[in-house]
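Chemist: So here's input.cif, just mmCIF, C-alpha atoms:
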data_entry
#
loop_
_atom_site.group_PDB
_atom_site.id
_atom_site.type_symbol
_atom_site.label_atom_id
_atom_site.label_comp_id
_atom_site.auth_asym_id
_atom_site.auth_seq_id
_atom_site.Cartn_x
_atom_site.Cartn_y
_atom_site.Cartn_z
ATOM 1 C CA MET A 312 -37.500 -11.738 10.079
ATOM 2 C CA ILE A 313 -35.400 -11.762 6.888
ATOM 3 C CA SER A 314 -36.520 -8.240 6.074
ATOM 4 C CA GLU A 315 -35.332 -7.167 9.508
ATOM 5 C CA VAL A 316 -31.945 -8.826 8.864
ATOM 6 C CA ALA A 317 -31.731 -6.923 5.580
ATOM 7 C CA ALA A 318 -32.556 -3.661 7.342
ATOM 8 C CA CYS A 319 -29.870 -4.295 9.965
ATOM 9 C CA CYS A 320 -27.320 -5.114 7.246
ATOM 10 C CA LYS A 321 -28.117 -1.871 5.496
ATOM 11 C CA GLU A 322 -27.771 0.101 8.720
ATOM 12 C CA LEU A 323 -24.450 -1.620 9.538
ATOM 13 C CA ARG A 324 -23.265 -1.282 5.918
ATOM 14 C CA LEU A 325 -22.976 -5.028 5.479
ATOM 15 C CA SER A 326 -23.581 -6.694 2.130
ATOM 16 C CA HIS A 327 -26.791 -8.453 1.107
ATOM 17 C CA ASN A 328 -24.693 -11.630 1.175
ATOM 18 C CA ILE A 329 -25.483 -11.858 4.883
ATOM 19 C CA VAL A 330 -29.201 -12.022 4.104
ATOM 20 C CA ASP A 331 -28.717 -14.651 1.385
ATOM 21 C CA MET A 332 -26.470 -16.880 3.489
ATOM 22 C CA ALA A 333 -28.571 -16.596 6.651
ATOM 23 C CA GLU A 334 -31.186 -18.833 5.001
ATOM 24 C CA LYS A 335 -28.677 -21.337 3.590
ATOM 25 C CA ILE A 336 -26.281 -22.019 6.461
ATOM 26 C CA GLU A 337 -26.975 -25.060 8.620
ATOM 27 C CA ALA A 338 -25.272 -25.290 12.008
ATOM 28 C CA LYS A 339 -25.687 -27.146 15.293
ATOM 29 C CA THR A 340 -25.001 -24.145 17.521
ATOM 30 C CA HIS A 341 -25.471 -20.393 17.366
ATOM 31 C CA VAL A 342 -21.696 -19.882 17.524
ATOM 32 C CA GLU A 343 -21.093 -22.252 14.604
ATOM 33 C CA PHE A 344 -23.780 -20.471 12.606
ATOM 34 C CA LEU A 345 -22.200 -17.084 13.335
ATOM 35 C CA VAL A 346 -18.700 -18.283 12.400
ATOM 36 C CA GLN A 347 -19.920 -19.688 9.074
ATOM 37 C CA LEU A 348 -21.849 -16.496 8.357
ATOM 38 C CA LEU A 349 -18.846 -14.283 9.100
ATOM 39 C CA ARG A 350 -16.535 -16.489 7.000
ATOM 40 C CA SER A 351 -19.005 -16.234 4.141
ATOM 41 C CA GLU A 352 -19.038 -12.459 4.428
ATOM 42 C CA LEU A 353 -15.227 -12.279 4.455
ATOM 43 C CA LYS A 354 -15.053 -14.483 1.351
ATOM 44 C CA HIS A 355 -17.708 -12.363 -0.344
ATOM 45 C CA ARG A 356 -15.740 -9.191 0.366
ATOM 46 C CA GLU A 357 -12.543 -10.815 -0.903
ATOM 47 C CA ASN A 358 -14.251 -11.762 -4.175
ATOM 48 C CA LYS A 359 -15.731 -8.289 -4.548
ATOM 49 C CA ARG A 360 -12.327 -6.701 -4.026
ATOM 50 C CA MET A 361 -10.745 -9.082 -6.552
ATOM 51 C CA ASP A 362 -13.430 -8.279 -9.137
ATOM 52 C CA LYS A 363 -12.871 -4.568 -8.552
ATOM 53 C CA LEU A 364 -9.102 -4.932 -8.974
ATOM 54 C CA LEU A 365 -9.499 -6.975 -12.172
ATOM 55 C CA LYS A 366 -11.831 -4.370 -13.644
ATOM 56 C CA LYS A 367 -9.584 -1.480 -12.640
ATOM 57 C CA ALA A 368 -6.458 -3.172 -14.023
ATOM 58 C CA GLY A 369 -7.556 -2.620 -17.611
ATOM 59 C CA PHE A 370 -6.828 -6.063 -19.070
ATOM 60 C CA TYR A 371 -8.396 -6.413 -22.513
ATOM 61 C CA SER A 372 -8.820 -10.134 -21.841
ATOM 62 C CA LEU A 373 -8.325 -12.401 -18.828
ATOM 63 C CA LYS A 374 -5.727 -15.173 -18.919
ATOM 64 C CA ASP A 375 -4.578 -17.836 -16.463
ATOM 65 C CA PHE A 376 -1.591 -20.170 -16.266
ATOM 66 C CA GLU A 377 -3.559 -23.261 -17.248
ATOM 67 C CA GLY A 378 -3.126 -22.663 -20.976
ATOM 68 C CA PHE A 379 0.433 -21.340 -20.840
ATOM 69 C CA LYS A 380 3.494 -23.438 -21.780
ATOM 70 C CA PHE A 381 6.551 -22.428 -19.784
ATOM 71 C CA ASP A 382 8.713 -24.838 -21.807
ATOM 72 C CA GLU A 383 8.566 -22.281 -24.649
ATOM 73 C CA VAL A 384 10.138 -19.572 -22.468
ATOM 74 C CA THR A 385 13.776 -19.270 -21.418
ATOM 75 C CA LEU A 386 13.800 -18.309 -17.737
ATOM 76 C CA PRO A 387 16.832 -17.041 -15.786
ATOM 77 C CA SER A 388 18.468 -19.825 -13.777
ATOM 78 C CA SER A 389 17.524 -18.036 -10.550
ATOM 79 C CA ILE A 390 13.738 -18.242 -11.037
ATOM 80 C CA THR A 391 11.092 -20.892 -11.662
ATOM 81 C CA PRO A 392 7.533 -20.896 -12.999
ATOM 82 C CA GLU A 393 6.337 -21.233 -9.396
ATOM 83 C CA TYR A 394 8.276 -18.100 -8.427
ATOM 84 C CA LEU A 395 6.405 -16.194 -11.126
ATOM 85 C CA LYS A 396 3.006 -17.745 -10.372
ATOM 86 C CA ASP A 397 3.353 -16.839 -6.694
ATOM 87 C CA CYS A 398 4.246 -13.249 -7.669
ATOM 88 C CA GLU A 399 7.335 -13.386 -5.473
ATOM 89 C CA PHE A 400 9.038 -10.743 -7.627
ATOM 90 C CA LEU A 401 6.614 -8.209 -6.159
ATOM 91 C CA GLU A 402 8.046 -8.756 -2.682
ATOM 92 C CA THR A 403 11.439 -7.385 -3.767
ATOM 93 C CA LYS A 404 10.033 -4.744 -6.159
ATOM 94 C CA SER A 405 11.773 -6.570 -9.011
ATOM 95 C CA ASN A 406 10.936 -5.908 -12.653
ATOM 96 C CA ILE A 407 10.325 -8.396 -15.447
ATOM 97 C CA VAL A 408 11.286 -7.745 -19.058
ATOM 98 C CA MET A 409 9.794 -10.178 -21.586
ATOM 99 C CA TYR A 410 11.699 -10.117 -24.874
ATOM 100 C CA GLY A 411 10.870 -12.041 -28.040
ATOM 101 C CA ASN A 412 9.098 -12.115 -31.355
ATOM 102 C CA VAL A 413 5.522 -10.913 -31.811
ATOM 103 C CA GLY A 414 2.909 -13.527 -30.903
ATOM 104 C CA THR A 415 5.122 -15.720 -28.703
ATOM 105 C CA GLY A 416 3.103 -15.375 -25.484
ATOM 106 C CA LYS A 417 4.524 -12.294 -23.780
ATOM 107 C CA THR A 418 1.167 -10.564 -23.435
ATOM 108 C CA TYR A 419 -0.503 -13.807 -22.353
ATOM 109 C CA LEU A 420 1.994 -14.403 -19.547
ATOM 110 C CA SER A 421 1.999 -10.787 -18.383
ATOM 111 C CA ILE A 422 -1.803 -10.786 -18.128
ATOM 112 C CA ALA A 423 -1.768 -14.125 -16.281
ATOM 113 C CA LEU A 424 0.713 -12.641 -13.788
ATOM 114 C CA GLY A 425 -1.413 -9.515 -13.450
ATOM 115 C CA VAL A 426 -4.577 -11.533 -12.861
ATOM 116 C CA GLU A 427 -2.799 -13.600 -10.210
ATOM 117 C CA ALA A 428 -1.618 -10.405 -8.521
ATOM 118 C CA CYS A 429 -5.203 -9.118 -8.443
ATOM 119 C CA LYS A 430 -6.343 -12.395 -6.884
ATOM 120 C CA LYS A 431 -3.813 -11.767 -4.122
ATOM 121 C CA GLY A 432 -5.288 -8.317 -3.513
ATOM 122 C CA ILE A 433 -2.458 -6.469 -5.284
ATOM 123 C CA GLU A 434 -3.469 -3.395 -7.257
ATOM 124 C CA THR A 435 -2.364 -3.738 -10.883
ATOM 125 C CA ARG A 436 -2.567 -1.593 -14.024
ATOM 126 C CA PHE A 437 -2.177 -2.810 -17.614
ATOM 127 C CA PHE A 438 -1.496 -0.509 -20.585
ATOM 128 C CA ARG A 439 -0.401 -0.710 -24.173
ATOM 129 C CA THR A 440 2.634 1.562 -23.981
ATOM 130 C CA ALA A 441 1.592 3.867 -26.834
ATOM 131 C CA ALA A 442 -1.898 4.249 -25.323
ATOM 132 C CA LEU A 443 -0.408 5.154 -21.946
ATOM 133 C CA VAL A 444 1.888 7.765 -23.496
ATOM 134 C CA ASN A 445 -1.018 9.285 -25.433
ATOM 135 C CA ARG A 446 -3.060 9.457 -22.248
ATOM 136 C CA LEU A 447 -0.176 11.075 -20.358
ATOM 137 C CA SER A 448 0.178 13.693 -23.100
ATOM 138 C CA GLU A 449 -3.564 14.413 -23.044
ATOM 139 C CA GLU A 450 -3.593 14.772 -19.256
ATOM 140 C CA LYS A 451 -0.634 17.152 -19.413
ATOM 141 C CA LYS A 452 -2.458 19.337 -21.950
ATOM 142 C CA LYS A 453 -5.534 19.414 -19.688
ATOM 143 C CA GLY A 454 -3.443 20.227 -16.621
ATOM 144 C CA THR A 455 -4.477 17.004 -14.867
ATOM 145 C CA LEU A 456 -1.237 15.017 -15.305
ATOM 146 C CA SER A 457 -0.414 15.012 -11.599
ATOM 147 C CA LYS A 458 -3.803 13.513 -10.700
ATOM 148 C CA PHE A 459 -3.505 10.796 -13.371
ATOM 149 C CA MET A 460 0.056 9.956 -12.310
ATOM 150 C CA LYS A 461 -1.119 9.475 -8.732
ATOM 151 C CA GLN A 462 -3.812 7.055 -9.943
ATOM 152 C CA ILE A 463 -1.253 4.982 -11.842
ATOM 153 C CA LEU A 464 1.307 5.012 -9.045
ATOM 154 C CA LYS A 465 -1.216 3.724 -6.499
ATOM 155 C CA SER A 466 -0.713 0.312 -8.106
ATOM 156 C CA ASP A 467 2.012 -2.086 -6.976
ATOM 157 C CA LEU A 468 2.364 -3.682 -10.405
ATOM 158 C CA LEU A 469 2.433 -1.802 -13.711
ATOM 159 C CA ILE A 470 2.376 -3.806 -16.962
ATOM 160 C CA LEU A 471 3.431 -2.075 -20.179
ATOM 161 C CA ASP A 472 2.633 -4.105 -23.281
ATOM 162 C CA GLU A 473 3.937 -3.535 -26.823
ATOM 163 C CA TRP A 474 6.900 -1.525 -25.532
ATOM 164 C CA GLY A 475 8.719 0.113 -28.439
ATOM 165 C CA TYR A 476 6.196 -0.786 -31.127
ATOM 166 C CA VAL A 477 5.496 2.909 -31.783
ATOM 167 C CA PRO A 478 8.288 5.547 -31.754
ATOM 168 C CA LEU A 479 7.697 8.311 -29.219
ATOM 169 C CA ASP A 480 8.102 12.057 -29.576
ATOM 170 C CA ARG A 481 10.283 13.887 -27.070
ATOM 171 C CA LEU A 482 7.396 14.790 -24.747
ATOM 172 C CA GLY A 483 6.068 11.236 -24.770
ATOM 173 C CA ALA A 484 9.517 9.841 -23.995
ATOM 174 C CA GLN A 485 9.951 12.296 -21.124
ATOM 175 C CA LEU A 486 6.570 11.392 -19.636
ATOM 176 C CA LEU A 487 7.267 7.667 -19.878
ATOM 177 C CA PHE A 488 10.671 8.218 -18.288
ATOM 178 C CA GLU A 489 8.926 9.985 -15.404
ATOM 179 C CA ILE A 490 6.720 6.925 -14.850
ATOM 180 C CA ILE A 491 9.740 4.593 -14.870
ATOM 181 C CA SER A 492 11.618 6.844 -12.459
ATOM 182 C CA GLU A 493 8.683 7.047 -10.039
ATOM 183 C CA CYS A 494 8.341 3.255 -10.042
ATOM 184 C CA TYR A 495 12.062 2.602 -9.503
ATOM 185 C CA GLU A 496 12.589 0.472 -6.372
ATOM 186 C CA ARG A 497 9.015 1.282 -5.260
ATOM 187 C CA LYS A 498 6.914 -0.871 -7.581
ATOM 188 C CA SER A 499 7.333 -3.727 -10.025
ATOM 189 C CA LEU A 500 7.147 -3.243 -13.776
ATOM 190 C CA ILE A 501 6.502 -5.838 -16.463
ATOM 191 C CA ILE A 502 7.721 -4.752 -19.906
ATOM 192 C CA ASN A 503 6.838 -6.698 -23.076
ATOM 193 C CA THR A 504 8.999 -5.911 -26.086
ATOM 194 C CA ASN A 505 10.316 -7.315 -29.348
ATOM 195 C CA ILE A 506 13.116 -4.751 -29.529
ATOM 196 C CA GLU A 507 16.561 -5.525 -28.103
ATOM 197 C CA PHE A 508 17.985 -3.062 -25.568
ATOM 198 C CA SER A 509 20.585 -1.682 -28.008
ATOM 199 C CA ARG A 510 17.769 -0.473 -30.280
ATOM 200 C CA TRP A 511 15.655 1.261 -27.622
ATOM 201 C CA VAL A 512 17.320 4.539 -28.539
ATOM 202 C CA THR A 513 15.379 4.430 -31.850
ATOM 203 C CA VAL A 514 12.190 4.634 -29.782
ATOM 204 C CA PHE A 515 13.256 7.389 -27.393
ATOM 205 C CA TYR A 516 15.567 9.385 -29.715
ATOM 206 C CA ASP A 517 17.780 10.361 -26.785
ATOM 207 C CA GLU A 518 20.775 8.238 -25.784
ATOM 208 C CA GLN A 519 21.033 9.706 -22.295
ATOM 209 C CA MET A 520 17.345 9.161 -21.520
ATOM 210 C CA THR A 521 17.435 5.672 -23.025
ATOM 211 C CA SER A 522 20.440 4.752 -20.869
ATOM 212 C CA ALA A 523 18.674 6.085 -17.769
ATOM 213 C CA ILE A 524 15.528 4.048 -18.525
ATOM 214 C CA VAL A 525 17.477 0.834 -19.201
ATOM 215 C CA ASP A 526 19.564 1.379 -16.057
ATOM 216 C CA ARG A 527 16.489 1.719 -13.838
ATOM 217 C CA LEU A 528 14.609 -1.178 -15.404
ATOM 218 C CA LEU A 529 17.496 -3.640 -15.287
ATOM 219 C CA HIS A 530 18.833 -2.837 -11.818
ATOM 220 C CA HIS A 531 16.387 -5.278 -10.197
ATOM 221 C CA CYS A 532 15.141 -7.319 -13.122
ATOM 222 C CA HIS A 533 14.409 -10.796 -14.499
ATOM 223 C CA LEU A 534 14.814 -11.145 -18.272
ATOM 224 C CA LEU A 535 12.470 -13.724 -19.859
ATOM 225 C CA LEU A 536 13.230 -14.756 -23.439
ATOM 226 C CA PHE A 537 10.585 -15.897 -25.920
ATOM 227 C CA PRO A 538 12.645 -17.360 -28.796
ATOM 228 C CA GLY A 539 9.854 -19.148 -30.660
ATOM 229 C CA GLN A 540 7.764 -18.393 -33.702
ATOM 230 C CA SER A 541 4.480 -16.505 -33.455
ATOM 231 C CA ASN A 542 1.769 -18.776 -32.058
ATOM 232 C CA ARG A 543 -0.776 -17.096 -34.286
ATOM 233 C CA ILE A 544 1.267 -17.936 -37.392
ATOM 234 C CA LYS A 545 1.776 -21.511 -36.216
ATOM 235 C CA GLU A 546 -1.947 -21.947 -35.576
ATOM 236 C CA SER A 547 -2.778 -20.555 -39.018
ATOM 237 C CA GLY A 548 -0.561 -23.138 -40.678
ATOM 238 C CA LEU A 549 1.452 -20.463 -42.520
ATOM 239 C CA GLY A 550 4.559 -21.182 -40.499
ATOM 240 C CA LYS A 551 4.991 -24.668 -41.910
#
As a first step, turn the structure in this file into structure tokens.
Modeler:
Amino acid sequence: MISEVAACCKELRLSHNIVDMAEKIEAKTHVEFLVQLLRSELKHRENKRMDKLLKKAGFYSLKDFEGFKFDEVTLPSSITPEYLKDCEFLETKSNIVMYGNVGTGKTYLSIALGVEACKKGIETRFFRTAALVNRLSEEKKKGTLSKFMKQILKSDLLILDEWGYVPLDRLGAQLLFEIISECYERKSLIINTNIEFSRWVTVFYDEQMTSAIVDRLLHHCHLLLFPGQSNRIKESGLGK
């Protein structure tokens, strides 16, 4: 009988979860059994989709809010930790810029937000900024830039880590500007940087382009400040 269930699932393109749960579910009526089985299948599909989104996002580690201390971050008066955890900024296509010293938790928080977005079924992409620019340049040389851009822009949340750590050449700056422009008022961006806005021109080497990027990022934006010392230095004992 189970083999027949498996065959039917294959024919109907249902997961093997149906077969596994059919032997485990206990119910008093056929209807109750069916409802539990269908709920199990929906949950299974939800988990599979979440796993797929997490893998596609490109996080180099997974983080959650449990180990994060919001008391070490200065939030705008208009938002709360709960607002961030619930990913409400995505509803208004708002951006988040995290500014502070290296090692103060910007990457941690941005990944935690990205993971939470994936759990909610929201497609997310995570890049080190220099790596993204290099990839964009490579795709342009191969003539496949348009295809790669479409893949990136399918996401509703784009996280760019280590923004400004590596100066960009003119082509790289232009390609990154194109990404920012395409996302403007359509998607949310999270930018992690240790460089104040007035110094961004040293990264892009073009005042007009820098002004255009800052203007688009800050139009709908929450600025989070990380004023503390590097957590890695504190944990090493060298900061004492």
Chemist: Which residue out of A:Glu473, A:Asp331, A:Asp375, A:Asp517 has the minimum interatomic distance to A:Ala441 when only C-alpha atoms are used?
Modeler: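 Residue with the minimum atom-to-atom distance to A:Ala441: A:Glu473.
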Chemist: Kindly compute an axis-aligned box around the listed atoms of stretch 430-441 of chain A, allowing 8 Å on each side, and express its centre and edge lengths in Å to one decimal as JSON.
Modeler:
{"center_x": -1.9, "center_y": -4.3, "center_z": -15.2, "size_x": 25.0, "size_y": 32.3, "size_z": 39.3}
Chemist: Around the point (11.1, -8.5, -27.0), in the coordinates given by the file, pick out the residues reaching within 10 Å, counting all atoms listed in the file, and return them as a CSV table (one decimal) with C-alpha atoms, in the frame of the given file.
Modeler:
chain,number,residue,atom,x,y,z
A,408,VAL,CA,11.3,-7.7,-19.1
A,409,MET,CA,9.8,-10.2,-21.6
A,410,TYR,CA,11.7,-10.1,-24.9
A,411,GLY,CA,10.9,-12.0,-28.0
A,412,ASN,CA,9.1,-12.1,-31.4
A,413,VAL,CA,5.5,-10.9,-31.8
A,415,THR,CA,5.1,-15.7,-28.7
A,417,LYS,CA,4.5,-12.3,-23.8
A,473,GLU,CA,3.9,-3.5,-26.8
A,474,TRP,CA,6.9,-1.5,-25.5
A,475,GLY,CA,8.7,0.1,-28.4
A,502,ILE,CA,7.7,-4.8,-19.9
A,503,ASN,CA,6.8,-6.7,-23.1
A,504,THR,CA,9.0,-5.9,-26.1
A,505,ASN,CA,10.3,-7.3,-29.3
A,506,ILE,CA,13.1,-4.8,-29.5
A,507,GLU,CA,16.6,-5.5,-28.1
A,508,PHE,CA,18.0,-3.1,-25.6
A,534,LEU,CA,14.8,-11.1,-18.3
A,535,LEU,CA,12.5,-13.7,-19.9
A,536,LEU,CA,13.2,-14.8,-23.4
A,537,PHE,CA,10.6,-15.9,-25.9
A,538,PRO,CA,12.6,-17.4,-28.8
Chemist: Work out how far atom CA of A:Gln462 is from atom CA of A:Leu482, in Å to one decimal.
Modeler: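 Result for atom CA of A:Leu482 versus atom CA of A:Gln462: 20.1 Å, one decimal.
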Chemist: Using only C-alpha atoms, determine which residues lie at most 12 Å from A:Arg439, disregarding the query and same-chain residues fewer than 2 positions distant; provide the list as a list in words.
Modeler: Gly369, Phe370, Tyr371, Thr418, Ser421, Ile422, Arg436, Phe437, Ala441, Ala442, Leu443, Val444, Asn445, Arg446, Leu469, Ile470, Leu471, Asp472, Glu473, Trp474, Gly475, Tyr476, Val477, Ile501, Ile502, Asn503 and Thr504 of chain A
Chemist: So which one's closest to A:Leu424, A:Leu479, A:Ile390, A:Leu528, A:Leu500? Using only C-alpha atoms, please.
Modeler: A:Leu500
Chemist: Taking the file as I've supplied it (selection: the PyMOL selection byres ((chain A and resi 485) around 12)), which residues are included? Please answer as an MDAnalysis selection string.
Modeler: chainID A and resid 444 447:448 451 479:484 486:492 514:517 519:521 523:524
Chemist: Would you kindly return, as a ChimeraX atom specification, each protein, DNA or RNA residue with an atom no farther than 10 Å from any atom of A:Ser509, considering all atoms listed in the file and excluding same-chain residues fewer than 4 positions away?
Modeler: /A:513,521-522,525
Chemist: Separation of atom CA of A:Arg360 and atom CA of A:Phe459, in Å?
Modeler: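 If I compute the distance from atom CA of A:Arg360 to atom CA of A:Phe459, I get 21.7 Å.
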Chemist: Rounded to one decimal, what separation in Å do you get between atom CA of A:Leu365 and atom CA of A:Gly432?
Modeler: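 Pair atom CA of A:Leu365 / atom CA of A:Gly432 returns 9.7 Å.
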Chemist: Just checking: using all atoms listed in the file, which residue out of A:Leu348, A:Ile336, A:Ile329, A:Ala368 ends up closest to A:Glu434?
Modeler: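 Of the candidates, the smallest distance to A:Glu434 is held by A:Ala368.
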Chemist: Between A:Glu343, A:Asp526, A:Glu427, A:Glu337, single out the one closest to A:Glu393, counting only C-alpha atoms.
Modeler: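 Among the listed residues, A:Glu427 lies closest to A:Glu393.
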Chemist: Mind checking which residues fall within 10 Å of stretch 380-382 of chain A, counting all atoms listed in the file, ignoring those fewer than 2 positions away in the same chain, and posting them as a ChimeraX atom specification?
Modeler: /A:376-378,384-386,391-392,416,420,537
Chemist: Using the chain letters and numbers from the file, give me the residues hit by the PyMOL selection byres ((chain A and resi 465) around 12), as a compact mmCIF listing (two decimals) with C-alpha atoms, keeping the file's coordinate frame.
Modeler:
# COMPACT_ATOMS: atom_id res chain seq x y z
CA LEU A 364 -9.10 -4.93 -8.97
CA LYS A 367 -9.58 -1.48 -12.64
CA ALA A 368 -6.46 -3.17 -14.02
CA ILE A 433 -2.46 -6.47 -5.28
CA GLU A 434 -3.47 -3.40 -7.26
CA THR A 435 -2.36 -3.74 -10.88
CA ARG A 436 -2.57 -1.59 -14.02
CA LYS A 458 -3.80 13.51 -10.70
CA PHE A 459 -3.50 10.80 -13.37
CA MET A 460 0.06 9.96 -12.31
CA LYS A 461 -1.12 9.48 -8.73
CA GLN A 462 -3.81 7.06 -9.94
CA ILE A 463 -1.25 4.98 -11.84
CA LEU A 464 1.31 5.01 -9.04
CA SER A 466 -0.71 0.31 -8.11
CA ASP A 467 2.01 -2.09 -6.98
CA LEU A 468 2.36 -3.68 -10.40
CA LEU A 469 2.43 -1.80 -13.71
CA ILE A 490 6.72 6.92 -14.85
CA GLU A 493 8.68 7.05 -10.04
CA CYS A 494 8.34 3.26 -10.04
CA ARG A 497 9.02 1.28 -5.26
CA LYS A 498 6.91 -0.87 -7.58
CA SER A 499 7.33 -3.73 -10.02
Chemist: When the PyMOL selection byres ((chain A and resi 403) around 9) is applied to the structure above, which residues does it catch, written out as a ChimeraX atom specification?
Modeler: /A:399-402,404-405,496,498-499,531
